[in-house]
file work-v1.txt (compact mmCIF, C-alpha atoms)
# COMPACT_ATOMS: atom_id res chain seq x y z
CA MET A 1 -10.64 -17.56 13.18
CA GLU A 2 -13.46 -15.04 12.93
CA TYR A 3 -15.87 -17.11 10.86
CA THR A 4 -16.35 -19.63 13.66
CA LYS A 5 -17.91 -17.05 15.97
CA TYR A 6 -21.46 -17.82 14.96
CA ASP A 7 -22.94 -16.29 18.11
CA LYS A 8 -21.13 -13.02 17.53
CA TYR A 9 -21.98 -12.56 13.86
CA GLY A 10 -25.02 -14.73 13.23
CA ASN A 11 -23.27 -15.78 10.03
CA GLU A 12 -24.22 -18.74 7.84
CA PRO A 13 -22.66 -21.96 9.15
CA VAL A 14 -20.46 -24.03 6.88
CA ASP A 15 -19.73 -27.74 7.04
CA GLY A 16 -15.97 -27.58 7.23
CA PHE A 17 -12.82 -25.48 7.09
CA ILE A 18 -9.48 -25.83 5.41
CA MET A 19 -6.51 -23.66 6.31
CA GLN A 20 -3.67 -23.49 3.84
CA ALA A 21 -0.37 -21.82 4.75
CA PRO A 22 -1.78 -20.00 7.78
CA ILE A 23 1.48 -18.37 8.73
CA SER A 24 1.37 -15.90 11.53
CA ASP A 25 4.71 -15.38 13.18
CA ARG A 26 6.23 -12.48 15.06
CA GLU A 27 9.73 -13.60 14.02
CA ASN A 28 8.70 -13.36 10.39
CA LEU A 29 7.59 -9.80 10.98
CA ASP A 30 11.00 -8.80 12.33
CA GLU A 31 12.57 -10.16 9.17
CA MET A 32 10.04 -8.94 6.65
CA VAL A 33 9.28 -5.52 8.06
CA PRO A 34 12.11 -4.45 10.38
CA GLY A 35 10.43 -1.13 11.14
CA TRP A 36 7.13 -2.67 12.15
CA ARG A 37 7.20 -1.37 15.71
CA LYS A 38 7.33 2.20 14.46
CA ILE A 39 4.41 1.47 12.15
CA VAL A 40 2.33 -0.06 14.94
CA ALA A 41 3.13 2.88 17.23
CA HIS A 42 1.94 5.32 14.59
CA ALA A 43 -1.19 3.28 13.98
CA GLU A 44 -1.92 3.22 17.72
CA GLN A 45 -1.55 6.99 17.84
CA MET A 46 -4.03 7.37 15.01
CA ILE A 47 -6.44 4.97 16.66
CA ALA A 48 -6.19 6.90 19.95
CA GLU A 49 -7.16 10.02 18.00
CA GLY A 50 -10.23 8.24 16.65
CA LYS A 51 -8.63 7.99 13.19
CA GLN A 52 -8.60 4.20 12.89
CA ASP A 53 -10.41 4.42 9.55
CA HIS A 54 -7.91 6.88 8.10
CA PHE A 55 -5.23 5.61 5.76
CA MET A 56 -1.68 5.34 7.00
CA PRO A 57 0.96 7.72 5.60
CA PRO A 58 2.39 5.99 2.50
CA ASP A 59 5.95 6.01 3.84
CA LEU A 60 4.78 3.84 6.73
CA VAL A 61 3.17 1.21 4.52
CA PRO A 62 5.43 -1.68 3.49
CA PRO A 63 5.41 -1.89 -0.33
CA SER A 64 4.90 -5.64 -0.09
CA LEU A 65 1.38 -5.04 1.19
CA GLY A 66 0.34 -3.88 -2.24
CA GLY A 67 -2.10 -1.11 -1.42
CA PRO A 68 -3.21 1.65 0.94
CA ILE A 69 -4.22 0.54 4.41
CA THR A 70 -6.02 2.06 7.37
CA ALA A 71 -4.53 2.39 10.85
CA TYR A 72 -7.04 -0.17 12.14
CA ARG A 73 -6.19 -2.71 9.48
CA ILE A 74 -2.42 -2.52 9.72
CA HIS A 75 -2.57 -2.62 13.50
CA SER A 76 -4.79 -5.69 13.40
CA LEU A 77 -2.46 -7.39 10.91
CA MET A 78 0.79 -6.60 12.66
CA THR A 79 -0.30 -7.35 16.18
CA LEU A 80 -1.85 -10.68 15.20
CA GLY A 81 1.31 -11.48 13.34
CA TYR A 82 2.15 -10.56 9.82
CA VAL A 83 1.60 -13.15 7.16
CA VAL A 84 4.00 -14.08 4.45
CA LEU A 85 2.48 -13.31 1.11
CA LEU A 86 2.98 -16.46 -0.82
CA ALA A 87 2.95 -15.92 -4.52
CA VAL A 88 2.36 -19.45 -5.59
CA LEU A 89 2.82 -19.90 -9.27
CA VAL A 90 1.48 -23.27 -10.21
CA GLU A 91 2.36 -24.62 -13.58
CA PRO A 92 -0.76 -25.41 -15.58
CA VAL A 93 -1.40 -29.12 -15.33
CA SER A 94 -2.32 -30.63 -18.66
CA MET B 1 11.89 -21.83 -21.54
CA SER B 2 8.25 -22.40 -22.28
CA GLU B 3 7.33 -21.65 -18.66
CA GLU B 4 6.93 -18.00 -19.53
CA ALA B 5 4.93 -18.85 -22.62
CA ASP B 6 2.64 -21.09 -20.55
CA TYR B 7 2.06 -18.26 -18.09
CA TYR B 8 0.47 -16.08 -20.73
CA THR B 9 -1.35 -18.63 -22.82
CA PHE B 10 -3.26 -20.92 -20.55
CA SER B 11 -6.89 -20.15 -19.84
CA PHE B 12 -9.81 -21.68 -17.95
CA PRO B 13 -13.57 -21.18 -17.96
CA VAL B 14 -15.66 -20.01 -15.03
CA THR B 15 -19.40 -19.68 -14.49
CA VAL B 16 -20.37 -16.32 -13.05
CA HIS B 17 -23.07 -16.09 -10.38
CA PRO B 18 -24.31 -12.65 -9.32
CA ILE B 19 -24.91 -12.82 -5.57
CA GLN B 20 -26.62 -10.73 -2.95
CA SER B 21 -23.91 -9.35 -0.68
CA PRO B 22 -22.82 -6.26 1.26
CA THR B 23 -20.22 -5.96 -1.52
CA ARG B 24 -21.70 -3.87 -4.30
CA ALA B 25 -22.73 -5.92 -7.37
CA ALA B 26 -20.82 -8.91 -6.08
CA THR B 27 -20.22 -11.92 -8.28
CA ALA B 28 -19.06 -15.42 -7.51
CA TYR B 29 -17.03 -17.50 -9.95
CA GLU B 30 -17.52 -21.23 -10.15
CA GLN B 31 -15.03 -23.72 -11.56
CA GLY B 32 -15.75 -27.39 -12.12
CA GLU B 33 -19.03 -29.18 -12.57
CA THR B 34 -21.84 -26.68 -12.09
CA THR B 35 -24.23 -29.53 -11.31
CA SER B 36 -22.20 -30.50 -8.25
CA LYS B 37 -24.02 -31.18 -5.01
CA ASN B 38 -21.39 -29.60 -2.79
CA ALA B 39 -19.22 -26.49 -2.82
CA LEU B 40 -15.72 -25.48 -1.78
CA ILE B 41 -15.29 -21.74 -1.23
CA PHE B 42 -11.76 -20.48 -1.65
CA VAL B 43 -10.71 -17.22 0.00
CA GLY B 44 -7.27 -15.87 -0.82
CA GLY B 45 -4.82 -13.93 1.23
CA LEU B 46 -4.01 -10.27 1.56
CA SER B 47 -4.40 -8.32 -1.68
CA ASP B 48 -5.69 -11.45 -3.40
CA GLY B 49 -8.93 -11.70 -5.31
CA PRO B 50 -10.61 -14.27 -7.52
CA HIS B 51 -8.34 -16.13 -9.94
CA MET B 52 -5.07 -14.94 -8.45
CA THR B 53 -4.12 -18.20 -6.80
CA TRP B 54 -3.54 -20.71 -9.52
CA TYR B 55 -3.58 -23.89 -7.57
CA VAL B 56 -7.30 -23.28 -7.22
CA TRP B 57 -7.66 -24.02 -10.92
CA THR B 58 -5.78 -27.28 -10.49
CA LEU B 59 -7.83 -28.08 -7.38
CA ALA B 60 -11.07 -27.45 -9.29
CA LYS B 61 -9.92 -29.70 -12.14
CA LYS B 62 -9.01 -32.53 -9.78
CA LEU B 63 -12.31 -32.18 -7.95
CA ALA B 64 -14.19 -32.25 -11.25
CA GLU B 65 -12.54 -35.59 -11.99
CA ARG B 66 -13.76 -36.97 -8.66
CA ARG B 67 -17.47 -37.13 -9.31
CA ASP B 68 -17.84 -39.23 -6.19
CA LEU B 69 -16.91 -36.18 -4.10
CA ASP B 70 -19.32 -33.96 -6.05
CA TYR B 71 -17.66 -30.59 -5.37
CA SER B 72 -17.19 -27.51 -7.47
CA VAL B 73 -15.04 -24.55 -6.43
CA PHE B 74 -16.17 -21.00 -5.80
CA GLU B 75 -14.26 -17.76 -5.53
CA PHE B 76 -16.00 -14.46 -5.12
CA ARG B 77 -15.41 -10.75 -4.96
CA MET B 78 -15.58 -9.30 -1.46
CA ARG B 79 -14.88 -5.86 0.00
CA SER B 80 -11.36 -6.89 0.94
CA SER B 81 -10.56 -8.32 -2.51
CA PHE B 82 -7.54 -6.93 -4.37
CA THR B 83 -6.58 -3.50 -3.07
CA GLY B 84 -9.77 -3.23 -1.04
CA PHE B 85 -8.24 -5.06 1.92
CA GLY B 86 -6.69 -1.88 3.34
CA ALA B 87 -10.03 -0.26 4.01
CA SER B 88 -11.86 -3.39 5.06
CA SER B 89 -12.03 -5.55 8.18
CA LEU B 90 -12.47 -9.09 9.43
CA LYS B 91 -16.04 -8.21 10.33
CA ASN B 92 -16.72 -7.25 6.71
CA ASP B 93 -15.06 -10.48 5.61
CA VAL B 94 -17.34 -12.55 7.81
CA GLU B 95 -20.39 -10.76 6.40
CA ASP B 96 -19.25 -11.21 2.81
CA ILE B 97 -18.44 -14.88 3.25
CA SER B 98 -21.76 -15.41 5.00
CA ALA B 99 -23.54 -13.90 1.99
CA MET B 100 -21.67 -16.32 -0.28
CA VAL B 101 -22.60 -19.29 1.89
CA LYS B 102 -26.21 -18.14 2.02
CA HIS B 103 -26.30 -18.01 -1.77
CA LEU B 104 -24.89 -21.51 -2.03
CA ARG B 105 -27.55 -22.86 0.32
CA LYS B 106 -30.15 -21.01 -1.75
CA ILE B 107 -29.03 -22.75 -4.94
CA GLY B 108 -29.20 -26.08 -3.19
CA ARG B 109 -25.61 -26.92 -2.28
CA GLU B 110 -25.51 -29.49 0.50
CA LYS B 111 -21.99 -29.45 1.96
CA VAL B 112 -20.13 -26.15 1.96
CA ILE B 113 -16.45 -26.07 2.88
CA LEU B 114 -14.56 -22.85 3.51
CA MET B 115 -10.92 -22.85 2.50
CA GLY B 116 -8.46 -20.07 3.21
CA HIS B 117 -5.01 -19.32 1.89
CA SER B 118 -2.50 -17.28 3.89
CA THR B 119 -4.32 -14.38 5.61
CA GLY B 120 -7.49 -15.89 4.20
CA THR B 121 -7.12 -18.15 7.20
CA GLN B 122 -7.57 -15.33 9.69
CA VAL B 123 -11.21 -15.67 8.90
CA ARG B 124 -11.21 -19.41 9.28
CA ILE B 125 -11.15 -21.47 12.41
CA ASP B 126 -8.84 -22.88 15.04
CA PRO B 127 -6.81 -25.95 14.00
CA ASP B 128 -8.92 -28.52 15.86
CA GLU B 129 -11.71 -28.15 13.40
CA THR B 130 -9.74 -28.15 10.15
CA LEU B 131 -10.71 -30.74 7.66
CA SER B 132 -8.31 -32.08 5.13
CA LEU B 133 -9.86 -32.77 1.80
CA ARG B 134 -8.30 -36.03 0.67
CA LEU B 135 -8.18 -36.18 -3.08
call {"tool": "encode", "arguments": {"input": "work-v1.txt", "output": "structure tokens"}}
result
Amino acid sequence: MEYTKYDKYGNEPVDGFIMQAPISDRENLDEMVPGWRKIVAHAEQMIAEGKQDHFMPPDLVPPSLGGPITAYRIHSLMTLGYVVLLAVLVEPVS
Amino acid sequence: MSEEADYYTFSFPVTVHPIQSPTRAATAYEQGETTSKNALIFVGGLSDGPHMTWYVWTLAKKLAERRDLDYSVFEFRMRSSFTGFGASSLKNDVEDISAMVKHLRKIGREKVILMGHSTGTQVRIDPDETLSLRL
């Protein structure tokens, strides 16, 4: 969604876009991360304190994310709608 | 059965292009015909990085067979690649992708298509402007 905002970023235009599996669903979030509201609340607190670039406490980071994450980033992810991480294993085509 | 064996024994070549980017010492990885006129940039989802999404390899192979389309496939390292996503931002992503696109224009690619997988699509565009690449 961001890359289209050419006026905002002055970024290099492309000739086309393809979106594959662009899942973004609040219902999914309830299933995948039941405690997400607590996480978002904590992130908002950190952001209010000017600590949006600080990493979240590890116990508030879902293991499925696969790495440390800042308050800004997790807030942005979870309020836009969490995305299912699709591990697509494609069999090598001969 | 041999599915597990296939997992660990298949391999594929890439051509590495160092690129100018806000990402330190960034490199792009091209699959397919390097003499192609056009380029498809693939951006993965959260915690992904180059070569983690295997259908890209299949996509590149199929595109290489379609010389009439004249596309090769690019992946590249950006600040949000792999475990870097947690300290990065959509703004950084836009900058990094822009640097990749700029490089492709510099090396003479005519059509450049941006393709996103999963959260890779947060950086893409609203559905009205999606293109489907018919193979």
call {"tool": "closest_residue", "arguments": {"input": "work-v1.txt", "among": "A:Gly35, A:Pro58, A:Gly10, A:Pro68", "to": "chain B", "atoms": "all atoms listed in the file"}}
result
A:Pro68
call {"tool": "residues_around", "arguments": {"input": "work-v1.txt", "residues": "B:Lys61", "least_positions_apart": "2", "cutoff": "10 Å", "atoms": "all atoms listed in the file", "output": "ChimeraX atom specification"}}
result
/A:93 /B:12,31-33,55-59,63-66,72-73
call {"tool": "atom_distance", "arguments": {"input": "work-v1.txt", "atom1": "atom CA of A:Ile39", "atom2": "atom CA of B:Gly84"}}
result
19.9 Å
call {"tool": "closest_atom_pairs", "arguments": {"input": "work-v1.txt", "of": "chain A", "to": "chain B", "cutoff": "6 Å", "atoms": "only C-alpha atoms", "output": "Markdown table"}}
result
| residue | atom | partner | partner_atom | distance |
| --- | --- | --- | --- | --- |
| A:Met1 | CA | B:Ile125 | CA | 4.0 |
| A:Glu2 | CA | B:Val123 | CA | 4.7 |
| A:Tyr3 | CA | B:Val123 | CA | 5.3 |
| A:Thr4 | CA | B:Ile125 | CA | 5.7 |
| A:Asn11 | CA | B:Ser98 | CA | 5.3 |
| A:Glu12 | CA | B:Ser98 | CA | 5.0 |
| A:Val14 | CA | B:Val112 | CA | 5.4 |
| A:Asp15 | CA | B:Val112 | CA | 5.3 |
| A:Gly16 | CA | B:Ile113 | CA | 4.6 |
| A:Phe17 | CA | B:Leu114 | CA | 4.8 |
| A:Ile18 | CA | B:Met115 | CA | 4.4 |
| A:Met19 | CA | B:Gly116 | CA | 5.1 |
| A:Gln20 | CA | B:His117 | CA | 4.8 |
| A:Ala21 | CA | B:Ser118 | CA | 5.1 |
| A:Pro22 | CA | B:Ser118 | CA | 4.8 |
| A:Gly67 | CA | B:Thr83 | CA | 5.3 |
| A:Pro68 | CA | B:Gly86 | CA | 5.5 |
| A:Ile69 | CA | B:Gly86 | CA | 3.6 |
| A:Thr70 | CA | B:Gly86 | CA | 5.7 |
| A:Val90 | CA | B:Trp54 | CA | 5.7 |
call {"tool": "closest_residue", "arguments": {"input": "work-v1.txt", "among": "B:Ser80, B:Ala60, B:Leu104, B:Leu69", "to": "B:Gln20", "atoms": "all atoms listed in the file"}}
result
B:Leu104
call {"tool": "atom_distance", "arguments": {"input": "work-v1.txt", "atom1": "atom CA of B:Tyr71", "atom2": "atom CA of B:Pro13"}}
result
16.2 Å
call {"tool": "axis_aligned_box", "arguments": {"input": "work-v1.txt", "around": "stretch 54-71 of chain A", "padding_each_side": "3 Å", "output": "JSON"}}
result
{"center_x": -1.0, "center_y": 1.0, "center_z": 4.3, "size_x": 19.9, "size_y": 19.4, "size_z": 19.1}
